[in-house]
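This report refers to the structure that appears directly beneath it.
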Amino acid sequence: MPRFVLSAAAHLIANAVGLMLATVLLEGFNMSFFAMVIVVLVFTAVSVVLLPVIRKISEKKLPELLGGLSLIVTFAGLLITELLVSGFSIGGIPNLLAATLIVWLGALIAGVLVPKYLFPSLAAPKAQK
């Protein structure tokens, strides 16, 4: 299977883990069962689009943001996903802040473990051309 397909699947699984953790741990952070697939797809797509944009802006204007880039993308991704997907609600500012950390941490841990154990070919270094 092509590497980019496995990488996309790993990102989707990692984000799903992070979003499910937030759903379990935060009262008021809700996803309907059927909306979960759409939430994961939209959140991942928004994150993929926002990451290079925010990276480019921060490199030129605010290099201090580079250290927290993933947290900023997660925060913005949650906000945008809530606006776009019915059946998904964050439940206020405190939940948004807590969910940002939980989703980021869950996706980070899953992002390390999924390629290692589920898609071992992703953990191997890329072949030189």
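Following the order of the structure tokens, chains are lettered A, B, ..., residues in each are numbered from 1, and ligands are numbered from 1.
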
Spatial neighbours of range 49-55 of chain A, 12 Å, only C-alpha atoms, chain gap at least 5 places, as an MDAnalysis selection string: chainID A and resid 42:44 60:78 80

Neighbour list for range 102-115 of chain A as JSON, numbers by chain, cut-off 9 Å, only C-alpha atoms, skip fewer than 2 positions in-chain: {"A": [6, 7, 10, 11, 13, 14, 15, 16, 17, 18, 19, 20, 21, 22, 25, 70, 71, 74, 75, 97, 98, 99, 100, 117, 118, 119, 120, 121, 122, 123]}

As a PyMOL selection string, which residues of chain A does DSSP assign to strand (DSSP E or B)? chain A and resi 30-31+88-89

In Å to one decimal, how far is CA of Leu41 in chain A from CA of Gly91 in chain A?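 So the answer is 20.3 Å.
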
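Considering only C-alpha atoms, the residue among A:Gly87, A:Pro2, A:Leu96, A:Lys116 positioned nearest to Ser32 in chain A is A:Gly87.
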
Suppose you want the space between CA of Ser89 in chain A and CA of Phe29 in chain A; what is it in Å?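 It comes out at 5.7 Å.
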
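The interatomic distance for the pair CA of Phe88 in chain A and CA of Ala8 in chain A works out to 22.3 Å.
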